Amino acid sequence: MTTFPPELIQLLKKSTRVVALTGAGVSQESGLRTFRDAQAGLWAQYRPEDLATPGAFARDPKLVWDWYASRRESAKGALPNAGHYALVEMEKIFPEFTLITQNVDGLHRMAGSKNILELHGNILNVRCSECGTFAETWGDDLKSVPRCEKCNGLLRPDVVWFEESLPRAQLDAAINATHTCQVFFSIGTSGVVQPAAALAHAARTDGAVVIEINAEPTPLTEKVDFLFHGKSGEILPALVNAISA
Ligand code: BV8
Ligand code: ZN
């Protein structure tokens, strides 16, 4: 059972503006592979960074479509874990709580979080790569990538690929929340993907207390004010209990 320094609990009890940045580690206990977990089966021969790019989709749209289709099915079959639900509780505890997620699995929304900024999109949504129209349904023949009903363009997952810009409104809101928060949590992220990884450092520069909850050290670890190594699905509920006590 994680124990927390009394000064941290005192600080959190009187904090009003709090930000939590989450990464794939938060969904690991829901059975979803993290981004740097070794891929399995057919996908073991590929690195995610080599598939999650516009170039990969241009070169082999069917390969990329199928990778996302298998990940979409995994995400659909996953349920939020105790870490997701603890973040829902944190949104009720802190007057101004902003959840910034790099995750594309939709589990924070499924758990009941409301004020969510999805920096990298959502794998459950599919849009046209040409006209941007969202598709509710699509054919699923084994040979080709489904096409847009409006313009016949290739459909694609509604996620941000490497070398693609993040959605401006979400990123601006994330930067604003980061600059004004008193406490910044970095949870279940390796802290290497930019510009999301820069947020924790910006919070620290602006004087926020930075707390890392992660299974292993990251480039942020030596700079944080409080560090909890372990599973977010165990540490977050314990933290919420300690704050609520
Ligand atoms: C962009 C969607 C402008 C797709 C993803 C500087 C500035 C700007 C850009 C760059 C820059 N330097 C480099 C770049 C380029 C690039 C980048 O960052 N590259 C990296 C690899 C160096 N960034 C971009 O391209 C971004 N675009 O900036 O646009 C631009 C325009 C033109 C040209 C250049 C730039 C776009 C980045 C978004 C990419 N899309 N996802 C998809 O999912 O398929 S990112 C992807 O990585 C996922 O979203 C994932 O969430 C994210 C980050 O990974 P993590 O979440 O941290 O997951 P990871 O597996 O790494 O770590 C999990 C951690 O959890 C581990 O530490 C593990 O120990 C821990 N853990 C595991 N289990 C648990 C746990 N912790 C707690 N409890 C557990 N149970
Ligand atoms: Zn279209």
# chains A, B, ... in the order shown; residues from 1 in each chain; ligands from 1
$ residues_around --residues "Arg204 (chain A)" --least-positions-apart "3" --cutoff "10 Å" --atoms "only C-alpha atoms" --output "PDB file with all heavy atoms, in the first residue's frame"
ATOM      1  N   THR A 178      -1.654  24.156 -18.031  1.00  0.00           N
ATOM      2  CA  THR A 178      -0.318  23.837 -17.490  1.00  0.00           C
ATOM      3  C   THR A 178       0.329  25.075 -16.882  1.00  0.00           C
ATOM      4  O   THR A 178       0.929  25.032 -15.814  1.00  0.00           O
ATOM      5  CB  THR A 178       0.577  23.255 -18.611  1.00  0.00           C
ATOM      6  OG1 THR A 178      -0.002  22.034 -19.069  1.00  0.00           O
ATOM      7  CG2 THR A 178       1.998  23.017 -18.134  1.00  0.00           C
ATOM      8  N   HIS A 179       0.141  26.221 -17.556  1.00  0.00           N
ATOM      9  CA  HIS A 179       0.787  27.456 -17.074  1.00  0.00           C
ATOM     10  C   HIS A 179       0.110  28.012 -15.825  1.00  0.00           C
ATOM     11  O   HIS A 179       0.714  28.768 -15.079  1.00  0.00           O
ATOM     12  CB  HIS A 179       0.778  28.524 -18.171  1.00  0.00           C
ATOM     13  CG  HIS A 179       1.841  28.314 -19.207  1.00  0.00           C
ATOM     14  ND1 HIS A 179       3.167  28.061 -18.884  1.00  0.00           N
ATOM     15  CD2 HIS A 179       1.786  28.280 -20.560  1.00  0.00           C
ATOM     16  CE1 HIS A 179       3.872  27.900 -19.997  1.00  0.00           C
ATOM     17  NE2 HIS A 179       3.060  28.029 -21.023  1.00  0.00           N
ATOM     18  N   CYS A 181      -1.605  26.011 -13.459  1.00  0.00           N
ATOM     19  CA  CYS A 181      -1.889  25.042 -12.379  1.00  0.00           C
ATOM     20  C   CYS A 181      -0.920  25.192 -11.212  1.00  0.00           C
ATOM     21  O   CYS A 181       0.200  25.704 -11.366  1.00  0.00           O
ATOM     22  CB  CYS A 181      -1.826  23.612 -12.917  1.00  0.00           C
ATOM     23  SG  CYS A 181      -0.168  23.022 -13.303  1.00  0.00           S
ATOM     24  N   GLN A 182      -1.401  24.705 -10.037  1.00  0.00           N
ATOM     25  CA  GLN A 182      -0.520  24.693  -8.847  1.00  0.00           C
ATOM     26  C   GLN A 182       0.185  23.346  -8.719  1.00  0.00           C
ATOM     27  O   GLN A 182       1.255  23.233  -8.150  1.00  0.00           O
ATOM     28  CB  GLN A 182      -1.377  24.949  -7.590  1.00  0.00           C
ATOM     29  CG  GLN A 182      -2.051  26.302  -7.554  1.00  0.00           C
ATOM     30  CD  GLN A 182      -3.287  26.277  -6.662  1.00  0.00           C
ATOM     31  OE1 GLN A 182      -4.182  25.463  -6.883  1.00  0.00           O
ATOM     32  NE2 GLN A 182      -3.331  27.152  -5.674  1.00  0.00           N
ATOM     33  N   VAL A 183      -0.507  22.290  -9.235  1.00  0.00           N
ATOM     34  CA  VAL A 183       0.028  20.929  -9.144  1.00  0.00           C
ATOM     35  C   VAL A 183      -0.125  20.261 -10.512  1.00  0.00           C
ATOM     36  O   VAL A 183      -1.169  20.390 -11.155  1.00  0.00           O
ATOM     37  CB  VAL A 183      -0.729  20.087  -8.093  1.00  0.00           C
ATOM     38  CG1 VAL A 183      -0.183  18.665  -8.039  1.00  0.00           C
ATOM     39  CG2 VAL A 183      -0.642  20.754  -6.714  1.00  0.00           C
ATOM     40  N   PHE A 184       0.948  19.578 -10.967  1.00  0.00           N
ATOM     41  CA  PHE A 184       0.942  18.891 -12.277  1.00  0.00           C
ATOM     42  C   PHE A 184       1.328  17.432 -12.041  1.00  0.00           C
ATOM     43  O   PHE A 184       2.427  17.144 -11.556  1.00  0.00           O
ATOM     44  CB  PHE A 184       1.941  19.547 -13.219  1.00  0.00           C
ATOM     45  CG  PHE A 184       1.891  19.036 -14.637  1.00  0.00           C
ATOM     46  CD1 PHE A 184       1.253  19.738 -15.644  1.00  0.00           C
ATOM     47  CD2 PHE A 184       2.487  17.810 -14.979  1.00  0.00           C
ATOM     48  CE1 PHE A 184       1.217  19.274 -16.963  1.00  0.00           C
ATOM     49  CE2 PHE A 184       2.445  17.316 -16.278  1.00  0.00           C
ATOM     50  CZ  PHE A 184       1.811  18.050 -17.268  1.00  0.00           C
ATOM     51  N   LEU A 199       5.094  19.563 -21.440  1.00  0.00           N
ATOM     52  CA  LEU A 199       4.143  20.223 -20.534  1.00  0.00           C
ATOM     53  C   LEU A 199       4.600  20.154 -19.074  1.00  0.00           C
ATOM     54  O   LEU A 199       4.534  21.143 -18.356  1.00  0.00           O
ATOM     55  CB  LEU A 199       2.753  19.604 -20.694  1.00  0.00           C
ATOM     56  CG  LEU A 199       2.078  19.854 -22.055  1.00  0.00           C
ATOM     57  CD1 LEU A 199       0.791  19.028 -22.165  1.00  0.00           C
ATOM     58  CD2 LEU A 199       1.775  21.335 -22.270  1.00  0.00           C
ATOM     59  N   ALA A 200       5.100  18.993 -18.653  1.00  0.00           N
ATOM     60  CA  ALA A 200       5.513  18.848 -17.247  1.00  0.00           C
ATOM     61  C   ALA A 200       6.660  19.812 -16.934  1.00  0.00           C
ATOM     62  O   ALA A 200       6.696  20.447 -15.873  1.00  0.00           O
ATOM     63  CB  ALA A 200       5.947  17.415 -16.978  1.00  0.00           C
ATOM     64  N   HIS A 201       7.559  19.963 -17.884  1.00  0.00           N
ATOM     65  CA  HIS A 201       8.703  20.878 -17.672  1.00  0.00           C
ATOM     66  C   HIS A 201       8.219  22.325 -17.629  1.00  0.00           C
ATOM     67  O   HIS A 201       8.708  23.125 -16.825  1.00  0.00           O
ATOM     68  CB  HIS A 201       9.749  20.665 -18.776  1.00  0.00           C
ATOM     69  CG  HIS A 201      10.271  19.265 -18.818  1.00  0.00           C
ATOM     70  ND1 HIS A 201      11.322  18.821 -18.045  1.00  0.00           N
ATOM     71  CD2 HIS A 201       9.841  18.173 -19.517  1.00  0.00           C
ATOM     72  CE1 HIS A 201      11.531  17.529 -18.280  1.00  0.00           C
ATOM     73  NE2 HIS A 201      10.639  17.111 -19.163  1.00  0.00           N
ATOM     74  N   GLY A 207       6.527  27.076 -11.668  1.00  0.00           N
ATOM     75  CA  GLY A 207       6.389  27.012 -10.217  1.00  0.00           C
ATOM     76  C   GLY A 207       5.393  26.016  -9.685  1.00  0.00           C
ATOM     77  O   GLY A 207       5.121  25.975  -8.485  1.00  0.00           O
ATOM     78  N   ALA A 208       4.835  25.171 -10.567  1.00  0.00           N
ATOM     79  CA  ALA A 208       3.902  24.152 -10.070  1.00  0.00           C
ATOM     80  C   ALA A 208       4.677  23.044  -9.362  1.00  0.00           C
ATOM     81  O   ALA A 208       5.859  22.822  -9.652  1.00  0.00           O
ATOM     82  CB  ALA A 208       3.103  23.558 -11.231  1.00  0.00           C
ATOM     83  N   VAL A 209       3.990  22.358  -8.449  1.00  0.00           N
ATOM     84  CA  VAL A 209       4.560  21.158  -7.824  1.00  0.00           C
ATOM     85  C   VAL A 209       4.311  20.016  -8.808  1.00  0.00           C
ATOM     86  O   VAL A 209       3.185  19.831  -9.277  1.00  0.00           O
ATOM     87  CB  VAL A 209       3.872  20.872  -6.479  1.00  0.00           C
ATOM     88  CG1 VAL A 209       4.262  19.490  -5.952  1.00  0.00           C
ATOM     89  CG2 VAL A 209       4.218  21.977  -5.481  1.00  0.00           C
ATOM     90  N   VAL A 210       5.369  19.292  -9.183  1.00  0.00           N
ATOM     91  CA  VAL A 210       5.241  18.234 -10.201  1.00  0.00           C
ATOM     92  C   VAL A 210       5.366  16.874  -9.523  1.00  0.00           C
ATOM     93  O   VAL A 210       6.301  16.625  -8.749  1.00  0.00           O
ATOM     94  CB  VAL A 210       6.305  18.392 -11.306  1.00  0.00           C
ATOM     95  CG1 VAL A 210       6.164  17.279 -12.350  1.00  0.00           C
ATOM     96  CG2 VAL A 210       6.155  19.766 -11.972  1.00  0.00           C
ATOM     97  N   ILE A 211       4.401  16.011  -9.821  1.00  0.00           N
ATOM     98  CA  ILE A 211       4.325  14.673  -9.213  1.00  0.00           C
ATOM     99  C   ILE A 211       4.321  13.647 -10.331  1.00  0.00           C
ATOM    100  O   ILE A 211       3.515  13.753 -11.265  1.00  0.00           O
ATOM    101  CB  ILE A 211       3.028  14.534  -8.392  1.00  0.00           C
ATOM    102  CG1 ILE A 211       2.964  15.621  -7.306  1.00  0.00           C
ATOM    103  CG2 ILE A 211       2.909  13.138  -7.767  1.00  0.00           C
ATOM    104  CD1 ILE A 211       1.573  15.847  -6.739  1.00  0.00           C
ATOM    105  N   LYS A 223      13.544  15.453 -12.036  1.00  0.00           N
ATOM    106  CA  LYS A 223      13.153  16.861 -11.876  1.00  0.00           C
ATOM    107  C   LYS A 223      11.865  17.027 -11.062  1.00  0.00           C
ATOM    108  O   LYS A 223      11.422  18.152 -10.848  1.00  0.00           O
ATOM    109  CB  LYS A 223      12.961  17.499 -13.256  1.00  0.00           C
ATOM    110  CG  LYS A 223      14.199  17.423 -14.149  1.00  0.00           C
ATOM    111  CD  LYS A 223      14.109  18.408 -15.302  1.00  0.00           C
ATOM    112  CE  LYS A 223      15.418  18.450 -16.079  1.00  0.00           C
ATOM    113  NZ  LYS A 223      15.310  17.659 -17.339  1.00  0.00           N
ATOM    114  N   VAL A 224      11.243  15.934 -10.655  1.00  0.00           N
ATOM    115  CA  VAL A 224       9.921  16.079 -10.031  1.00  0.00           C
ATOM    116  C   VAL A 224      10.059  16.331  -8.524  1.00  0.00           C
ATOM    117  O   VAL A 224      11.078  16.028  -7.906  1.00  0.00           O
ATOM    118  CB  VAL A 224       9.045  14.832 -10.297  1.00  0.00           C
ATOM    119  CG1 VAL A 224       8.830  14.637 -11.793  1.00  0.00           C
ATOM    120  CG2 VAL A 224       9.643  13.589  -9.649  1.00  0.00           C
ATOM    121  N   ASP A 225       8.986  16.864  -7.934  1.00  0.00           N
ATOM    122  CA  ASP A 225       8.982  17.146  -6.492  1.00  0.00           C
ATOM    123  C   ASP A 225       8.598  15.905  -5.694  1.00  0.00           C
ATOM    124  O   ASP A 225       9.036  15.694  -4.585  1.00  0.00           O
ATOM    125  CB  ASP A 225       7.986  18.281  -6.198  1.00  0.00           C
ATOM    126  CG  ASP A 225       8.376  19.560  -6.927  1.00  0.00           C
ATOM    127  OD1 ASP A 225       9.371  20.155  -6.492  1.00  0.00           O
ATOM    128  OD2 ASP A 225       7.749  19.891  -7.955  1.00  0.00           O
TER     129      ASP A 225
END
$ select_by_dssp --residues "region 13-226 of chain A" --states "strand (DSSP E)" --output "PyMOL selection string"
chain A and resi 17-22+96-101+116-118+121-128+134-135+155-159+183-187+209-214+226
$ residues_near_ligand --ligand "ligand 2" --cutoff "8 Å" --atoms "only C-alpha atoms and all ligand atoms" --output "PyMOL selection string"
chain A and resi 127-133+147-155
$ residues_near_ligand --ligand "ligand 1" --cutoff "6 Å" --atoms "only C-alpha atoms and all ligand atoms" --output "NGL selection string"
:A and (23-26 or 28-29 or 34-37 or 52 or 102-104 or 120 or 159-166 or 188-195 or 214-216 or 230-232)
$ closest_residue --among "A:Ala135, A:Ala177, A:Phe94, A:Met110" --to "Lys13 (chain A)" --atoms "only C-alpha atoms"
A:Phe94
$ closest_residue --among "A:Ala238, A:Met90, A:Glu212, A:Leu99" --to "Phe226 (chain A)" --atoms "only C-alpha atoms"
A:Glu212
$ closest_residue --among "A:Asn241, A:Ser186, A:Thr53, A:Thr98" --to "Thr16 (chain A)" --atoms "only C-alpha atoms"
A:Thr98
$ atom_distance --atom1 "CA of Gly31 (chain A)" --atom2 "CA of Leu227 (chain A)"
24.1 Å
$ select_by_dssp --residues "region 108-159 of chain A" --states "alpha helix (DSSP H)" --output "ChimeraX atom specification"
/A:108-111
$ write_last_selection --atoms "all heavy atoms" --output "PDB file, in the first residue's frame"
ATOM      1  N   HIS A 108     -10.768   7.234 -20.515  1.00  0.00           N
ATOM      2  CA  HIS A 108     -11.060   8.295 -19.531  1.00  0.00           C
ATOM      3  C   HIS A 108     -12.515   8.739 -19.659  1.00  0.00           C
ATOM      4  O   HIS A 108     -13.201   8.925 -18.660  1.00  0.00           O
ATOM      5  CB  HIS A 108     -10.148   9.498 -19.771  1.00  0.00           C
ATOM      6  CG  HIS A 108      -8.717   9.296 -19.324  1.00  0.00           C
ATOM      7  ND1 HIS A 108      -8.374   8.958 -18.046  1.00  0.00           N
ATOM      8  CD2 HIS A 108      -7.552   9.405 -20.010  1.00  0.00           C
ATOM      9  CE1 HIS A 108      -7.048   8.854 -17.945  1.00  0.00           C
ATOM     10  NE2 HIS A 108      -6.522   9.121 -19.129  1.00  0.00           N
ATOM     11  N   ARG A 109     -12.976   8.875 -20.891  1.00  0.00           N
ATOM     12  CA  ARG A 109     -14.366   9.329 -21.093  1.00  0.00           C
ATOM     13  C   ARG A 109     -15.322   8.234 -20.637  1.00  0.00           C
ATOM     14  O   ARG A 109     -16.299   8.492 -19.964  1.00  0.00           O
ATOM     15  CB  ARG A 109     -14.605   9.663 -22.577  1.00  0.00           C
ATOM     16  CG  ARG A 109     -15.836  10.534 -22.828  1.00  0.00           C
ATOM     17  CD  ARG A 109     -15.873  11.062 -24.241  1.00  0.00           C
ATOM     18  NE  ARG A 109     -14.665  11.764 -24.629  1.00  0.00           N
ATOM     19  CZ  ARG A 109     -14.354  13.019 -24.259  1.00  0.00           C
ATOM     20  NH1 ARG A 109     -15.189  13.661 -23.467  1.00  0.00           N
ATOM     21  NH2 ARG A 109     -13.257  13.610 -24.647  1.00  0.00           N
ATOM     22  N   MET A 110     -14.979   6.994 -20.939  1.00  0.00           N
ATOM     23  CA  MET A 110     -15.830   5.865 -20.523  1.00  0.00           C
ATOM     24  C   MET A 110     -15.916   5.790 -18.992  1.00  0.00           C
ATOM     25  O   MET A 110     -16.965   5.487 -18.435  1.00  0.00           O
ATOM     26  CB  MET A 110     -15.270   4.548 -21.064  1.00  0.00           C
ATOM     27  CG  MET A 110     -16.199   3.366 -20.848  1.00  0.00           C
ATOM     28  SD  MET A 110     -15.385   1.798 -21.201  1.00  0.00           S
ATOM     29  CE  MET A 110     -15.557   1.749 -22.963  1.00  0.00           C
ATOM     30  N   ALA A 111     -14.827   6.156 -18.312  1.00  0.00           N
ATOM     31  CA  ALA A 111     -14.825   6.088 -16.831  1.00  0.00           C
ATOM     32  C   ALA A 111     -15.667   7.204 -16.229  1.00  0.00           C
ATOM     33  O   ALA A 111     -16.133   7.098 -15.091  1.00  0.00           O
ATOM     34  CB  ALA A 111     -13.394   6.187 -16.315  1.00  0.00           C
TER      35      ALA A 111
END
$ closest_residue --among "A:Phe228, A:Tyr46, A:Phe185, A:Phe97" --to "Leu63 (chain A)" --atoms "only C-alpha atoms"
A:Tyr46
$ residues_around --residues "Glu118 (chain A)" --least-positions-apart "5" --cutoff "7 Å" --atoms "only C-alpha atoms" --output "short mmCIF file (atom, residue, chain, number, x, y, z; two decimals) with C-alpha atoms, in the first residue's frame"
data_model
loop_
_atom_site.label_atom_id
_atom_site.label_comp_id
_atom_site.auth_asym_id
_atom_site.auth_seq_id
_atom_site.Cartn_x
_atom_site.Cartn_y
_atom_site.Cartn_z
CA ILE A 100 -4.71 16.01 -20.55
CA THR A 101 -4.31 12.62 -22.20
CA GLN A 102 -2.02 11.26 -24.89
CA GLN A 170 -6.72 20.99 -27.34
#
$ closest_residue --among "A:Ala56, A:Ala69, A:Leu51, A:Leu107" --to "Tyr85 (chain A)" --atoms "only C-alpha atoms"
A:Leu107
$ atom_distance --atom1 "CA of Asp206 (chain A)" --atom2 "CA of Leu11 (chain A)"
16.9 Å
$ residues_around --residues "Ala169 (chain A)" --least-positions-apart "4" --cutoff "12 Å" --atoms "only C-alpha atoms" --output "short mmCIF file (atom, residue, chain, number, x, y, z; two decimals) with all heavy atoms, in the first residue's frame"
data_model
loop_
_atom_site.label_atom_id
_atom_site.label_comp_id
_atom_site.auth_asym_id
_atom_site.auth_seq_id
_atom_site.Cartn_x
_atom_site.Cartn_y
_atom_site.Cartn_z
N LEU A 117 -8.73 16.68 -22.36
CA LEU A 117 -8.10 17.18 -23.59
C LEU A 117 -7.37 16.00 -24.23
O LEU A 117 -6.36 15.52 -23.71
CB LEU A 117 -7.12 18.31 -23.25
CG LEU A 117 -7.76 19.56 -22.60
CD1 LEU A 117 -6.67 20.51 -22.13
CD2 LEU A 117 -8.70 20.26 -23.59
N GLU A 118 -7.92 15.51 -25.37
CA GLU A 118 -7.30 14.37 -26.07
C GLU A 118 -6.29 14.92 -27.08
O GLU A 118 -6.66 15.32 -28.19
CB GLU A 118 -8.38 13.53 -26.78
CG GLU A 118 -9.26 12.74 -25.81
CD GLU A 118 -10.33 11.89 -26.51
OE1 GLU A 118 -10.91 12.34 -27.51
OE2 GLU A 118 -10.58 10.76 -26.05
N LEU A 119 -5.04 14.96 -26.70
CA LEU A 119 -4.02 15.59 -27.55
C LEU A 119 -3.74 14.79 -28.81
O LEU A 119 -3.34 15.36 -29.83
CB LEU A 119 -2.69 15.74 -26.78
CG LEU A 119 -2.67 16.68 -25.58
CD1 LEU A 119 -1.24 16.78 -25.06
CD2 LEU A 119 -3.23 18.05 -25.94
N SER A 165 0.44 17.73 -36.86
CA SER A 165 0.27 18.67 -35.75
C SER A 165 -0.86 18.25 -34.84
O SER A 165 -1.83 17.64 -35.28
CB SER A 165 -0.04 20.07 -36.32
OG SER A 165 1.08 20.47 -37.10
N ALA A 173 -5.40 24.72 -24.96
CA ALA A 173 -6.06 24.56 -23.65
C ALA A 173 -5.13 23.83 -22.68
O ALA A 173 -5.04 24.18 -21.50
CB ALA A 173 -7.37 23.80 -23.80
N ALA A 174 -4.38 22.85 -23.20
CA ALA A 174 -3.46 22.10 -22.34
C ALA A 174 -2.33 23.01 -21.87
O ALA A 174 -1.95 23.00 -20.69
CB ALA A 174 -2.89 20.91 -23.11
N ILE A 175 -1.81 23.84 -22.77
CA ILE A 175 -0.72 24.76 -22.42
C ILE A 175 -1.22 25.77 -21.39
O ILE A 175 -0.56 26.05 -20.38
CB ILE A 175 -0.18 25.46 -23.68
CG1 ILE A 175 0.54 24.44 -24.58
CG2 ILE A 175 0.73 26.63 -23.31
CD1 ILE A 175 0.87 24.96 -25.98
N ASN A 176 -2.42 26.27 -21.61
CA ASN A 176 -2.98 27.26 -20.67
C ASN A 176 -3.18 26.65 -19.28
O ASN A 176 -2.76 27.22 -18.26
CB ASN A 176 -4.32 27.78 -21.22
CG ASN A 176 -4.89 28.85 -20.32
OD1 ASN A 176 -4.17 29.78 -19.92
ND2 ASN A 176 -6.14 28.67 -19.94
#
$ residues_around --residues "region 72-74 of chain A" --least-positions-apart "6" --cutoff "10 Å" --atoms "only C-alpha atoms" --output "PyMOL selection string"
chain A and resi 31-33+66+104-105+122-125+157
$ atom_distance --atom1 "CA of Arg156 (chain A)" --atom2 "CA of Val126 (chain A)"
5.6 Å
$ decode --residues "region 85-97 of chain A" --atoms "C-alpha atoms" --output "PDB file, in the first residue's frame"
ATOM      1  CA  TYR A  85     -11.876   6.027 -11.841  1.00  0.00           C
ATOM      2  CA  ALA A  86      -9.517   7.702  -9.346  1.00  0.00           C
ATOM      3  CA  LEU A  87      -8.983  10.478 -11.909  1.00  0.00           C
ATOM      4  CA  VAL A  88     -12.780  10.883 -12.139  1.00  0.00           C
ATOM      5  CA  GLU A  89     -12.774  11.379  -8.336  1.00  0.00           C
ATOM      6  CA  MET A  90      -9.928  13.915  -8.599  1.00  0.00           C
ATOM      7  CA  GLU A  91     -12.070  15.946 -11.005  1.00  0.00           C
ATOM      8  CA  LYS A  92     -14.701  16.133  -8.228  1.00  0.00           C
ATOM      9  CA  ILE A  93     -12.185  16.977  -5.496  1.00  0.00           C
ATOM     10  CA  PHE A  94     -10.277  19.824  -7.167  1.00  0.00           C
ATOM     11  CA  PRO A  95     -12.227  22.962  -8.190  1.00  0.00           C
ATOM     12  CA  GLU A  96     -10.242  23.305 -11.431  1.00  0.00           C
ATOM     13  CA  PHE A  97      -9.058  19.913 -12.699  1.00  0.00           C
TER      14      PHE A  97
END
